[in-house]
>>> print(open('entry_39.txt').read())   # compact mmCIF, C-alpha atoms
# COMPACT_ATOMS: atom_id res chain seq x y z
CA MET A 1 82.78 12.85 69.94
CA THR A 2 79.48 11.97 71.62
CA SER A 3 78.53 8.41 72.58
CA ILE A 4 75.97 8.41 69.78
CA HIS A 5 78.64 9.40 67.28
CA VAL A 6 80.99 6.73 68.64
CA LEU A 7 78.29 4.07 68.19
CA LYS A 8 77.45 5.34 64.71
CA SER A 9 81.12 5.38 63.77
CA ALA A 10 81.57 1.82 64.97
CA ILE A 11 78.56 0.65 62.98
CA LEU A 12 79.74 2.40 59.82
CA LEU A 13 83.28 1.10 60.22
CA SER A 14 82.02 -2.41 60.82
CA GLY A 15 79.86 -2.18 57.73
CA ALA A 16 82.74 -0.91 55.64
CA MET A 17 85.01 -3.71 56.82
CA LEU A 18 82.29 -6.27 56.12
CA LEU A 19 81.85 -4.88 52.62
CA LEU A 20 85.58 -5.10 51.99
CA SER A 21 85.70 -8.64 53.37
CA CYS A 22 82.78 -9.76 51.22
CA ASN A 23 84.35 -8.22 48.14
CA LYS A 24 87.92 -9.36 48.80
CA ASP A 25 87.94 -11.70 45.84
CA ASP A 26 86.22 -9.12 43.63
CA GLN A 27 89.03 -6.61 44.19
CA ASN A 28 91.32 -8.72 42.04
CA ASP A 29 88.78 -9.37 39.30
CA SER A 30 89.32 -8.08 35.80
CA ASP A 31 87.99 -4.69 34.78
CA GLN A 32 84.98 -6.36 33.15
CA ASN A 33 83.72 -7.25 36.62
CA ALA A 34 84.17 -3.78 38.13
CA LYS A 35 81.67 -2.76 40.77
CA TYR A 36 81.41 0.94 40.05
CA PRO A 37 79.61 3.02 37.37
CA THR A 38 82.73 4.46 35.75
CA LEU A 39 82.69 5.76 32.18
CA THR A 40 84.12 2.55 30.71
CA GLY A 41 82.94 0.08 33.34
CA ALA A 42 86.55 -0.43 34.43
CA ASN A 43 87.53 -0.13 38.07
CA PRO A 44 88.64 3.40 39.00
CA ILE A 45 92.38 3.95 38.68
CA VAL A 46 94.46 4.80 41.71
CA VAL A 47 97.15 7.39 41.09
CA ALA A 48 99.95 7.63 43.64
CA HIS A 49 99.88 11.36 44.40
CA ARG A 50 103.52 12.46 44.31
CA GLY A 51 104.40 8.83 45.13
CA ALA A 52 103.71 7.32 48.54
CA SER A 53 103.74 10.84 49.93
CA GLY A 54 101.80 9.91 53.06
CA TYR A 55 104.75 7.77 54.13
CA LEU A 56 107.91 9.01 52.41
CA PRO A 57 109.12 12.37 51.06
CA GLU A 58 107.20 13.19 47.91
CA HIS A 59 108.50 12.86 44.36
CA THR A 60 111.34 10.45 45.10
CA ILE A 61 112.19 7.15 43.45
CA GLU A 62 111.83 5.51 46.84
CA GLY A 63 108.35 7.01 47.30
CA TYR A 64 107.22 5.94 43.84
CA THR A 65 108.58 2.44 44.42
CA LYS A 66 106.67 2.12 47.69
CA ALA A 67 103.45 3.26 45.99
CA ILE A 68 103.94 0.71 43.21
CA ASP A 69 104.45 -2.00 45.82
CA MET A 70 101.16 -0.90 47.38
CA GLY A 71 99.36 -1.44 44.07
CA ALA A 72 99.28 1.98 42.38
CA ASP A 73 98.04 1.93 38.79
CA PHE A 74 99.81 5.21 37.97
CA ILE A 75 102.53 7.27 39.62
CA GLU A 76 102.39 11.07 39.43
CA PRO A 77 105.51 13.10 38.62
CA ASP A 78 104.97 16.86 38.82
CA LEU A 79 107.38 18.45 36.35
CA VAL A 80 109.45 21.60 36.65
CA MET A 81 112.46 22.67 34.61
CA THR A 82 116.08 23.39 35.46
CA LYS A 83 118.18 26.29 34.21
CA ASP A 84 119.78 23.96 31.67
CA GLY A 85 116.47 22.69 30.32
CA GLN A 86 116.02 19.37 32.13
CA LEU A 87 112.75 18.08 33.57
CA VAL A 88 112.96 17.26 37.25
CA VAL A 89 110.22 16.17 39.59
CA ARG A 90 108.99 18.62 42.24
CA HIS A 91 105.51 19.75 43.22
CA GLU A 92 106.34 23.41 42.59
CA PRO A 93 109.16 25.47 41.05
CA MET A 94 110.09 26.39 44.65
CA LEU A 95 112.44 24.13 46.57
CA SER A 96 112.46 25.03 50.27
CA GLY A 97 109.28 23.19 51.22
CA THR A 98 110.38 19.80 49.92
CA THR A 99 114.20 19.81 49.97
CA ASN A 100 117.14 20.72 52.20
CA VAL A 101 118.19 23.63 49.94
CA ALA A 102 118.05 26.13 52.82
CA ASP A 103 120.66 24.10 54.70
CA ILE A 104 123.31 24.29 51.96
CA PRO A 105 125.47 27.43 52.31
CA ALA A 106 126.67 27.21 48.70
CA PHE A 107 123.11 27.86 47.50
CA ALA A 108 122.27 30.72 49.86
CA SER A 109 122.80 33.34 47.13
CA LYS A 110 120.25 31.65 44.86
CA LYS A 111 117.36 32.65 47.09
CA THR A 112 115.27 35.20 45.21
CA THR A 113 111.75 36.54 44.60
CA ARG A 114 109.71 35.60 41.54
CA ASN A 115 106.14 36.00 40.33
CA ILE A 116 104.29 32.69 40.50
CA ASP A 117 100.91 33.12 38.82
CA GLY A 118 100.37 36.56 40.33
CA ALA A 119 101.92 35.96 43.75
CA MET A 120 105.38 37.28 44.63
CA VAL A 121 107.21 34.35 46.22
CA THR A 122 110.64 34.43 47.86
CA ASP A 123 112.37 31.07 47.72
CA TRP A 124 114.88 28.98 45.84
CA PHE A 125 113.63 28.16 42.33
CA VAL A 126 114.46 25.13 40.23
CA CYS A 127 114.87 27.38 37.17
CA ASP A 128 117.97 28.94 38.82
CA PHE A 129 119.68 25.57 39.29
CA THR A 130 121.39 23.25 36.84
CA LEU A 131 120.61 19.56 36.96
CA VAL A 132 124.02 18.91 38.54
CA GLU A 133 123.12 21.33 41.32
CA ILE A 134 119.65 19.85 41.79
CA LYS A 135 121.26 16.45 42.27
CA LYS A 136 123.10 17.83 45.31
CA LEU A 137 119.78 18.34 47.12
CA LYS A 138 117.88 15.83 49.24
CA ALA A 139 114.12 15.54 49.66
CA LYS A 140 112.19 16.13 52.87
CA GLN A 141 108.62 15.49 54.01
CA ALA A 142 106.39 18.44 53.13
CA PHE A 143 103.78 17.88 55.88
CA ALA A 144 104.77 18.45 59.50
CA GLU A 145 102.30 15.87 60.84
CA ARG A 146 103.90 13.09 58.79
CA SER A 147 107.07 11.15 59.58
CA GLN A 148 110.25 13.21 59.23
CA GLN A 149 112.60 10.25 59.69
CA TYR A 150 113.31 9.90 55.97
CA ASN A 151 114.35 13.50 55.42
CA ASN A 152 117.67 14.18 53.66
CA LEU A 153 118.00 10.61 52.40
CA TYR A 154 116.62 10.66 48.86
CA SER A 155 117.67 12.51 45.73
CA ILE A 156 115.51 14.57 43.34
CA PRO A 157 114.72 12.44 40.26
CA THR A 158 114.55 13.46 36.64
CA PHE A 159 111.45 12.72 34.61
CA GLU A 160 113.37 10.12 32.64
CA GLU A 161 114.28 8.31 35.86
CA VAL A 162 110.61 8.09 36.85
CA VAL A 163 109.66 6.70 33.43
CA ALA A 164 112.46 4.15 33.70
CA LEU A 165 111.15 3.05 37.10
CA ALA A 166 107.60 2.61 35.77
CA LYS A 167 108.87 0.50 32.89
CA GLN A 168 111.19 -1.55 35.08
CA ARG A 169 108.53 -2.32 37.68
CA SER A 170 105.96 -3.08 34.97
CA ALA A 171 108.30 -5.76 33.65
CA GLN A 172 109.01 -7.09 37.14
CA THR A 173 105.40 -7.21 38.34
CA GLY A 174 103.70 -8.24 35.11
CA ARG A 175 101.20 -5.38 35.37
CA VAL A 176 101.24 -2.06 33.55
CA ILE A 177 102.28 0.83 35.77
CA GLY A 178 101.56 4.14 34.11
CA ILE A 179 102.78 7.69 34.62
CA TYR A 180 100.61 10.75 35.16
CA PRO A 181 102.85 13.82 34.65
CA GLU A 182 101.74 17.37 35.37
CA THR A 183 103.45 20.38 33.84
CA LYS A 184 103.66 22.85 36.72
CA HIS A 185 103.05 26.52 35.91
CA PRO A 186 103.78 26.23 32.18
CA SER A 187 103.30 29.97 31.53
CA PHE A 188 105.88 30.73 34.23
CA HIS A 189 108.38 28.44 32.53
CA GLU A 190 107.63 29.63 29.02
CA ALA A 191 108.25 33.25 30.09
CA LEU A 192 111.77 32.15 31.06
CA ASN A 193 112.20 30.49 27.65
CA LEU A 194 112.06 27.07 29.30
CA LYS A 195 109.94 25.05 26.87
CA ILE A 196 108.47 22.67 29.40
CA THR A 197 105.68 21.32 27.18
CA ASP A 198 107.96 20.64 24.22
CA LYS A 199 110.43 18.91 26.53
CA LEU A 200 107.67 16.70 27.94
CA LEU A 201 106.64 15.64 24.43
CA GLU A 202 110.27 15.07 23.51
CA VAL A 203 110.79 12.69 26.42
CA LEU A 204 107.52 10.85 25.83
CA THR A 205 108.46 10.37 22.17
CA ALA A 206 111.92 9.09 23.06
CA GLU A 207 110.33 6.63 25.50
CA GLY A 208 107.77 5.43 22.95
CA TRP A 209 104.96 6.70 25.15
CA ASN A 210 103.55 9.58 23.11
CA ASP A 211 100.23 8.22 21.87
CA ALA A 212 96.76 7.28 23.05
CA SER A 213 97.70 3.66 23.73
CA SER A 214 100.51 4.60 26.12
CA PRO A 215 100.04 4.23 29.89
CA VAL A 216 100.19 7.99 30.23
CA TYR A 217 97.88 10.83 31.23
CA VAL A 218 99.17 14.40 30.93
CA GLN A 219 97.54 16.95 33.24
CA SER A 220 97.67 20.70 33.75
CA PHE A 221 95.74 23.53 35.41
CA GLU A 222 96.38 25.66 32.34
CA VAL A 223 94.58 25.17 29.03
CA SER A 224 96.73 26.43 26.16
CA ASN A 225 99.54 23.97 26.81
CA LEU A 226 97.09 21.06 26.79
CA GLN A 227 95.60 22.28 23.51
CA TYR A 228 99.13 22.50 22.15
CA ILE A 229 99.83 18.92 23.25
CA ARG A 230 96.66 17.74 21.51
CA SER A 231 97.80 19.41 18.29
CA LYS A 232 101.01 17.37 18.48
CA SER A 233 99.97 14.10 20.09
CA THR A 234 97.14 11.68 20.82
CA VAL A 235 98.39 11.07 24.38
CA LYS A 236 95.62 11.08 27.00
CA ILE A 237 94.97 14.51 28.53
CA ILE A 238 93.21 15.64 31.72
CA GLN A 239 92.18 19.23 32.41
CA LEU A 240 92.68 19.99 36.09
CA LEU A 241 90.14 22.13 37.97
CA SER A 242 90.69 24.15 41.11
CA CYS A 243 88.96 26.73 43.27
CA TYR A 244 90.23 29.07 45.94
CA ASP A 245 87.96 28.03 48.81
CA VAL A 246 84.58 26.65 49.92
CA THR A 247 82.09 28.92 51.69
CA LEU A 248 80.29 28.10 54.92
CA ASN A 249 77.26 26.87 52.95
CA GLY A 250 79.31 24.82 50.50
CA ASP A 251 79.60 27.12 47.48
CA LEU A 252 82.90 27.01 45.60
CA VAL A 253 84.89 30.25 45.56
CA PHE A 254 86.77 31.14 42.36
CA THR A 255 87.68 34.75 43.16
CA VAL A 256 91.26 34.90 44.43
CA PRO A 257 92.36 37.75 46.76
CA ALA A 258 94.95 40.18 45.42
CA GLY A 259 98.50 38.98 45.80
CA GLU A 260 97.67 35.29 45.90
CA ILE A 261 98.10 32.63 43.23
CA ILE A 262 95.62 33.39 40.47
CA SER A 263 95.60 29.83 39.17
CA ASP A 264 93.81 28.75 42.35
CA GLY A 265 90.68 30.21 40.75
CA LYS A 266 91.22 30.30 36.99
CA PRO A 267 93.70 29.02 34.39
CA TYR A 268 96.64 31.41 34.54
CA ASP A 269 97.11 31.38 30.78
CA TRP A 270 93.51 32.62 30.45
CA TYR A 271 94.22 35.38 32.94
CA LEU A 272 97.23 36.48 30.89
CA LYS A 273 95.03 36.67 27.80
CA GLY A 274 92.34 38.68 29.57
CA ASP A 275 89.86 35.78 29.52
CA THR A 276 87.43 36.32 32.41
CA ARG A 277 86.29 32.71 32.74
CA ASP A 278 87.27 30.74 35.85
CA TYR A 279 87.32 27.01 36.64
CA GLY A 280 83.60 27.16 37.36
CA PHE A 281 83.11 27.32 33.59
CA PHE A 282 84.19 23.70 33.31
CA ARG A 283 81.19 22.58 35.39
CA THR A 284 78.79 23.78 32.69
CA GLN A 285 77.62 21.93 29.62
CA ALA A 286 79.49 24.44 27.46
CA GLY A 287 82.61 23.96 29.55
CA LEU A 288 82.52 20.19 29.24
CA ASP A 289 81.94 20.48 25.49
CA PHE A 290 84.99 22.73 25.35
CA VAL A 291 87.15 20.23 27.27
CA LYS A 292 86.05 17.52 24.87
CA THR A 293 87.79 19.36 22.01
CA TYR A 294 91.25 18.65 23.43
CA ALA A 295 91.12 16.41 26.52
CA ASN A 296 89.95 12.99 27.65
CA GLY A 297 88.60 14.16 30.95
CA ILE A 298 88.70 16.52 33.90
CA GLY A 299 90.58 16.40 37.17
CA PRO A 300 88.58 18.33 39.78
CA TRP A 301 89.33 19.05 43.43
CA LYS A 302 87.02 16.85 45.52
CA PRO A 303 84.53 19.59 46.50
CA PHE A 304 83.55 19.96 42.84
CA ILE A 305 81.94 16.53 43.34
CA ILE A 306 81.06 16.41 47.05
CA SER A 307 81.17 19.81 48.67
CA TYR A 308 80.71 20.47 52.39
CA LYS A 309 79.22 22.96 54.79
CA GLY A 310 80.05 24.20 58.25
CA THR A 311 77.80 24.69 61.26
CA ASP A 312 77.49 28.26 62.53
CA ALA A 313 75.30 28.06 65.64
CA ASN A 314 76.54 31.37 67.07
CA ASN A 315 76.06 33.23 63.76
CA ASP A 316 79.57 34.67 63.70
CA GLY A 317 80.02 33.75 60.04
CA LYS A 318 82.57 31.05 60.82
CA ALA A 319 82.33 27.27 61.07
CA ASP A 320 81.99 25.94 64.61
CA ASP A 321 84.27 23.41 66.28
CA ILE A 322 81.58 20.74 66.38
CA ASN A 323 83.86 17.95 67.58
CA ALA A 324 85.24 20.16 70.37
CA ASP A 325 88.89 19.39 69.68
CA GLY A 326 89.95 23.02 69.94
CA LYS A 327 90.32 23.72 66.22
CA VAL A 328 88.17 23.97 63.10
CA ASP A 329 89.09 21.81 60.14
CA ASP A 330 87.45 19.42 57.67
CA SER A 331 86.44 17.06 60.46
CA ASP A 332 84.00 19.77 61.62
CA LYS A 333 82.34 20.01 58.18
CA GLU A 334 79.41 17.99 56.83
CA ALA A 335 79.26 16.56 53.32
CA LEU A 336 76.58 17.94 51.03
CA PRO A 337 74.69 15.88 48.43
CA PRO A 338 76.95 15.18 45.43
CA SER A 339 76.90 17.37 42.36
CA THR A 340 76.09 16.00 38.93
CA LEU A 341 79.60 16.67 37.61
CA ILE A 342 80.56 13.02 37.19
CA SER A 343 77.37 12.06 35.37
CA ASP A 344 77.48 15.25 33.29
CA ALA A 345 81.05 14.51 32.24
CA HIS A 346 80.26 10.88 31.49
CA LYS A 347 77.44 11.96 29.18
CA LYS A 348 80.06 13.87 27.21
CA GLY A 349 82.37 10.85 27.12
CA LEU A 350 84.79 12.46 29.56
CA GLN A 351 86.57 10.74 32.44
CA VAL A 352 86.71 12.27 35.92
CA HIS A 353 89.80 11.90 38.13
CA ALA A 354 89.57 13.69 41.51
CA TYR A 355 92.23 14.91 43.95
CA THR A 356 93.51 14.60 46.71
CA PHE A 357 92.57 11.79 49.13
CA ARG A 358 94.39 11.67 52.46
CA ASN A 359 94.14 9.66 55.69
CA GLU A 360 94.57 12.28 58.39
CA GLY A 361 91.47 12.85 60.50
CA ARG A 362 91.59 16.63 60.12
CA ARG A 363 91.24 16.16 56.34
CA LEU A 364 88.18 13.87 56.54
CA LEU A 365 84.66 15.29 56.69
CA HIS A 366 82.62 14.56 59.80
CA ASN A 367 80.46 12.11 57.82
CA TYR A 368 83.42 9.76 57.40
CA TYR A 369 84.03 9.38 61.16
CA ASN A 370 87.81 9.39 60.84
CA ASN A 371 87.62 6.42 58.45
CA PRO A 372 89.14 7.21 55.02
CA ILE A 373 87.61 4.07 53.52
CA LEU A 374 84.18 5.67 53.85
CA GLU A 375 85.35 8.66 51.83
CA TYR A 376 86.79 6.51 49.06
CA GLN A 377 83.60 4.47 48.93
CA ALA A 378 81.44 7.60 48.68
CA PHE A 379 83.35 8.72 45.57
CA TYR A 380 83.76 5.27 44.02
CA LYS A 381 80.02 4.69 44.20
CA LEU A 382 79.40 7.87 42.19
CA GLY A 383 81.35 6.42 39.28
CA LEU A 384 84.60 8.34 39.74
CA ASP A 385 87.02 7.08 37.08
CA GLY A 386 90.18 7.68 39.06
CA LEU A 387 91.66 9.46 42.04
CA PHE A 388 94.89 10.79 43.47
CA SER A 389 95.85 9.56 46.92
CA ASP A 390 98.77 10.16 49.28
CA PHE A 391 97.99 6.72 50.72
CA THR A 392 97.84 4.25 47.83
CA ASP A 393 97.34 1.26 50.11
CA MET A 394 94.12 2.67 51.56
CA ALA A 395 92.75 3.60 48.13
CA ILE A 396 93.39 0.09 46.85
CA GLN A 397 91.91 -1.49 49.98
CA ALA A 398 88.74 0.58 49.64
CA ARG A 399 88.41 -0.28 45.95
>>> encode(input="entry_39.txt", output="structure tokens")
Amino acid sequence: MTSIHVLKSAILLSGAMLLLSCNKDDQNDSDQNAKYPTLTGANPIVVAHRGASGYLPEHTIEGYTKAIDMGADFIEPDLVMTKDGQLVVRHEPMLSGTTNVADIPAFASKKTTRNIDGAMVTDWFVCDFTLVEIKKLKAKQAFAERSQQYNNLYSIPTFEEVVALAKQRSAQTGRVIGIYPETKHPSFHEALNLKITDKLLEVLTAEGWNDASSPVYVQSFEVSNLQYIRSKSTVKIIQLLSCYDVTLNGDLVFTVPAGEIISDGKPYDWYLKGDTRDYGFFRTQAGLDFVKTYANGIGPWKPFIISYKGTDANNDGKADDINADGKVDDSDKEALPPSTLISDAHKKGLQVHAYTFRNEGRRLLHNYYNNPILEYQAFYKLGLDGLFSDFTDMAIQAR
């Protein structure tokens, strides 16, 4: 980083710290005194993305507990289904990336290849395990650059166990801690006769959390299952939005190469029906009107709101390594002016919850000068209604 950039970074960081210091008392004010132009005027919610996943293995009771202690408003359990029809909490139906399944000889024969939204994936799949077998696994950190010292210590929780934790800690802390479940690859599960959406509704009903007043948001990248939920329940719903990539000039890419996961560019249930629309549809007025018929808001990947561009001084069609650290990543990209997605959604009465905010320097655009607080502030000031963060403490501090 040049001396000019160092000076600029120091000034920006100083300003951010001063802002946080000046607003320290405001951070604990009631929602009526919120500082940001959210849909309701309430402060944006902070959702613990897979728990305190920046610090502990994701989707564990211990990780959720740490995130709650850090001040999370909601904890996010991603839901997949076992062979015997139980909801357990993993980011994907595959197990090798987040558990020690590969180290257990008794499960070696369960490794297989399945179609996940158009991509043939070889792994161990939750749908081939009973709950008893899942409980023999231990979680591990999914990101190599994060601490591995807590690997193989924590069990895989059921959805019911996560709900119980939220209720228990709500009673202990005197503040409502909500849950934000996502049904992962519902069409994949339904094809195996694993009724993941019905099971979710069954558990929410049993817990007394299956209506609009409950501290619950249900999210999915597919559409049909969310429409089905709306036909059965008034629970709050968020339509997730994704794209495959971002071009050098900042355009979002929705066309997915052959053999890769189709739902990175369009809802997989739409693909199965022959619907040609992709997630870009949801940025349009018609798309937002459509979402309004069944959901309370949208959950876009961050570039839908603030995209970014690369520098290509040598005209090779690739982003340059502008910070000269020997690799090209987000820290070499520059933020573009924000889109109108938040204001457009707000005009329709829809909330906007964006994902995923992380601390690592390689994941922060050059404009943020390795300071995640600056990124949070950029989105908060646009009126973002909520966000998913691997680092709950930083999201709360910035708020």
>>> closest_residue(input="entry_39.txt", among="A:Thr293, A:Ser343, A:Ser214, A:Thr113", to="Pro37 (chain A)", atoms="only C-alpha atoms")
A:Ser343
>>> residues_around(input="entry_39.txt", residues="Gln227 (chain A)", least_positions_apart="6", cutoff="12 Å", atoms="only C-alpha atoms", output="PyMOL selection string")
chain A and resi 197+218-221+233-239+269+290-296
>>> closest_atom_pairs(input="entry_39.txt", of="region 116-205 of chain A", to="region 81-94 of chain A", cutoff="9 Å", atoms="only C-alpha atoms", output="CSV")
residue,atom,partner,partner_atom,distance
A:Ile116,CA,A:Pro93,CA,8.7
A:Val121,CA,A:Met94,CA,8.6
A:Thr122,CA,A:Met94,CA,8.7
A:Asp123,CA,A:Met94,CA,6.0
A:Trp124,CA,A:Met94,CA,5.6
A:Phe125,CA,A:Met94,CA,4.6
A:Val126,CA,A:Thr82,CA,5.3
A:Cys127,CA,A:Thr82,CA,4.5
A:Asp128,CA,A:Lys83,CA,5.3
A:Phe129,CA,A:Lys83,CA,5.3
A:Thr130,CA,A:Lys83,CA,5.1
A:Leu131,CA,A:Thr82,CA,6.1
A:Ile134,CA,A:Thr82,CA,8.1
A:Ile156,CA,A:Val89,CA,6.7
A:Pro157,CA,A:Val89,CA,5.9
A:Thr158,CA,A:Val88,CA,4.2
A:Phe159,CA,A:Val88,CA,5.5
A:Glu160,CA,A:Leu87,CA,8.0
A:Val162,CA,A:Val89,CA,8.5
A:Lys184,CA,A:Glu92,CA,6.5
A:His185,CA,A:Pro93,CA,8.1
A:His189,CA,A:Met81,CA,7.4
A:Leu194,CA,A:Gly85,CA,6.3
A:Lys195,CA,A:Gly85,CA,7.8
A:Ile196,CA,A:Met81,CA,6.6
A:Lys199,CA,A:Leu87,CA,7.5
A:Leu200,CA,A:Leu87,CA,7.7
>>> atom_distance(input="entry_39.txt", atom1="CA of Asp73 (chain A)", atom2="CA of Ile177 (chain A)")
5.3 Å
>>> residues_around(input="entry_39.txt", residues="region 364-374 of chain A", least_positions_apart="3", cutoff="6 Å", atoms="all atoms listed in the file", output="NGL selection string")
:A and (9 or 330-334 or 359 or 361 or 377 or 398)
>>> closest_residue(input="entry_39.txt", among="A:Glu182, A:Val163, A:Tyr244, A:His49", to="Glu207 (chain A)", atoms="all atoms listed in the file")
A:Val163
>>> atom_distance(input="entry_39.txt", atom1="CA of Leu95 (chain A)", atom2="CA of Gly259 (chain A)")
20.4 Å
>>> atom_distance(input="entry_39.txt", atom1="CA of Ile179 (chain A)", atom2="CA of Ala166 (chain A)")
7.1 Å
>>> closest_residue(input="entry_39.txt", among="A:Glu360, A:Asp320, A:Asp385, A:Asp69", to="Gln172 (chain A)", atoms="only C-alpha atoms")
A:Asp69
>>> residues_near_point(input="entry_39.txt", point="(86.8, 24.4, 42.1)", cutoff="12 Å", atoms="all atoms listed in the file", output="PyMOL selection string")
chain A and resi 221+240-247+250-256+263-267+278-283+298-307+341+354-355
>>> closest_residue(input="entry_39.txt", among="A:Val132, A:Gln141, A:Arg169, A:Thr183", to="Leu79 (chain A)", atoms="all atoms listed in the file")
A:Thr183
>>> residues_around(input="entry_39.txt", residues="region 58-62 of chain A", least_positions_apart="2", cutoff="8 Å", atoms="all atoms listed in the file", output="list of chain:residue names")
A:Arg50, A:Gly51, A:Ala52, A:Ser53, A:Leu56, A:Tyr64, A:Thr65, A:Lys66, A:Pro77, A:Asp78, A:Val89, A:Arg90, A:His91, A:Thr98, A:Ala139, A:Lys140, A:Gln141, A:Ala142, A:Tyr154, A:Ser155, A:Ile156, A:Pro157, A:Glu161, A:Val162, A:Leu165
>>> residues_around(input="entry_39.txt", residues="Val101 (chain A)", least_positions_apart="3", cutoff="8 Å", atoms="only C-alpha atoms", output="VMD selection string")
chain A and resid 95 to 96 104 107 124 137 to 138
>>> closest_residue(input="entry_39.txt", among="A:Thr392, A:Gln149, A:Ser339, A:Gln351", to="Thr40 (chain A)", atoms="all atoms listed in the file")
A:Gln351
>>> build_atoms(input="entry_39.txt", residues="region 205-219 of chain A", atoms="N, CA, C and O atoms", output="PDB file, keeping the file's coordinate frame")
ATOM      1  N   THR A 205     108.153  10.947  23.473  1.00  0.00           N
ATOM      2  CA  THR A 205     108.460  10.370  22.170  1.00  0.00           C
ATOM      3  C   THR A 205     109.673   9.455  22.245  1.00  0.00           C
ATOM      4  O   THR A 205     109.656   8.337  21.712  1.00  0.00           O
ATOM      5  N   ALA A 206     110.703   9.908  22.924  1.00  0.00           N
ATOM      6  CA  ALA A 206     111.920   9.090  23.060  1.00  0.00           C
ATOM      7  C   ALA A 206     111.637   7.785  23.796  1.00  0.00           C
ATOM      8  O   ALA A 206     112.269   6.755  23.515  1.00  0.00           O
ATOM      9  N   GLU A 207     110.672   7.826  24.719  1.00  0.00           N
ATOM     10  CA  GLU A 207     110.330   6.630  25.500  1.00  0.00           C
ATOM     11  C   GLU A 207     109.307   5.752  24.799  1.00  0.00           C
ATOM     12  O   GLU A 207     108.947   4.688  25.313  1.00  0.00           O
ATOM     13  N   GLY A 208     108.795   6.201  23.658  1.00  0.00           N
ATOM     14  CA  GLY A 208     107.770   5.430  22.950  1.00  0.00           C
ATOM     15  C   GLY A 208     106.412   5.492  23.625  1.00  0.00           C
ATOM     16  O   GLY A 208     105.560   4.629  23.412  1.00  0.00           O
ATOM     17  N   TRP A 209     106.191   6.548  24.384  1.00  0.00           N
ATOM     18  CA  TRP A 209     104.960   6.700  25.150  1.00  0.00           C
ATOM     19  C   TRP A 209     104.221   7.988  24.792  1.00  0.00           C
ATOM     20  O   TRP A 209     103.687   8.666  25.660  1.00  0.00           O
ATOM     21  N   ASN A 210     104.164   8.314  23.525  1.00  0.00           N
ATOM     22  CA  ASN A 210     103.550   9.580  23.110  1.00  0.00           C
ATOM     23  C   ASN A 210     102.343   9.346  22.209  1.00  0.00           C
ATOM     24  O   ASN A 210     102.206   9.968  21.157  1.00  0.00           O
ATOM     25  N   ASP A 211     101.456   8.431  22.633  1.00  0.00           N
ATOM     26  CA  ASP A 211     100.230   8.220  21.870  1.00  0.00           C
ATOM     27  C   ASP A 211      99.127   7.727  22.800  1.00  0.00           C
ATOM     28  O   ASP A 211      99.358   7.470  23.980  1.00  0.00           O
ATOM     29  N   ALA A 212      97.934   7.603  22.250  1.00  0.00           N
ATOM     30  CA  ALA A 212      96.760   7.280  23.050  1.00  0.00           C
ATOM     31  C   ALA A 212      96.840   5.922  23.735  1.00  0.00           C
ATOM     32  O   ALA A 212      96.206   5.700  24.774  1.00  0.00           O
ATOM     33  N   SER A 213      97.602   5.000  23.162  1.00  0.00           N
ATOM     34  CA  SER A 213      97.700   3.660  23.730  1.00  0.00           C
ATOM     35  C   SER A 213      98.710   3.565  24.866  1.00  0.00           C
ATOM     36  O   SER A 213      98.792   2.544  25.553  1.00  0.00           O
ATOM     37  N   SER A 214      99.477   4.613  25.087  1.00  0.00           N
ATOM     38  CA  SER A 214     100.510   4.600  26.120  1.00  0.00           C
ATOM     39  C   SER A 214      99.888   4.705  27.510  1.00  0.00           C
ATOM     40  O   SER A 214      98.837   5.324  27.681  1.00  0.00           O
ATOM     41  N   PRO A 215     100.553   4.123  28.507  1.00  0.00           N
ATOM     42  CA  PRO A 215     100.040   4.230  29.890  1.00  0.00           C
ATOM     43  C   PRO A 215     100.389   5.583  30.484  1.00  0.00           C
ATOM     44  O   PRO A 215     101.140   5.687  31.465  1.00  0.00           O
ATOM     45  N   VAL A 216      99.841   6.626  29.869  1.00  0.00           N
ATOM     46  CA  VAL A 216     100.190   7.990  30.230  1.00  0.00           C
ATOM     47  C   VAL A 216      98.944   8.874  30.206  1.00  0.00           C
ATOM     48  O   VAL A 216      98.148   8.807  29.268  1.00  0.00           O
ATOM     49  N   TYR A 217      98.797   9.692  31.249  1.00  0.00           N
ATOM     50  CA  TYR A 217      97.880  10.830  31.230  1.00  0.00           C
ATOM     51  C   TYR A 217      98.738  12.075  31.477  1.00  0.00           C
ATOM     52  O   TYR A 217      99.592  12.069  32.376  1.00  0.00           O
ATOM     53  N   VAL A 218      98.513  13.126  30.695  1.00  0.00           N
ATOM     54  CA  VAL A 218      99.170  14.400  30.930  1.00  0.00           C
ATOM     55  C   VAL A 218      98.124  15.364  31.497  1.00  0.00           C
ATOM     56  O   VAL A 218      97.017  15.463  30.979  1.00  0.00           O
ATOM     57  N   GLN A 219      98.485  16.078  32.557  1.00  0.00           N
ATOM     58  CA  GLN A 219      97.540  16.950  33.240  1.00  0.00           C
ATOM     59  C   GLN A 219      98.123  18.360  33.401  1.00  0.00           C
ATOM     60  O   GLN A 219      99.345  18.534  33.455  1.00  0.00           O
TER      61      GLN A 219
END
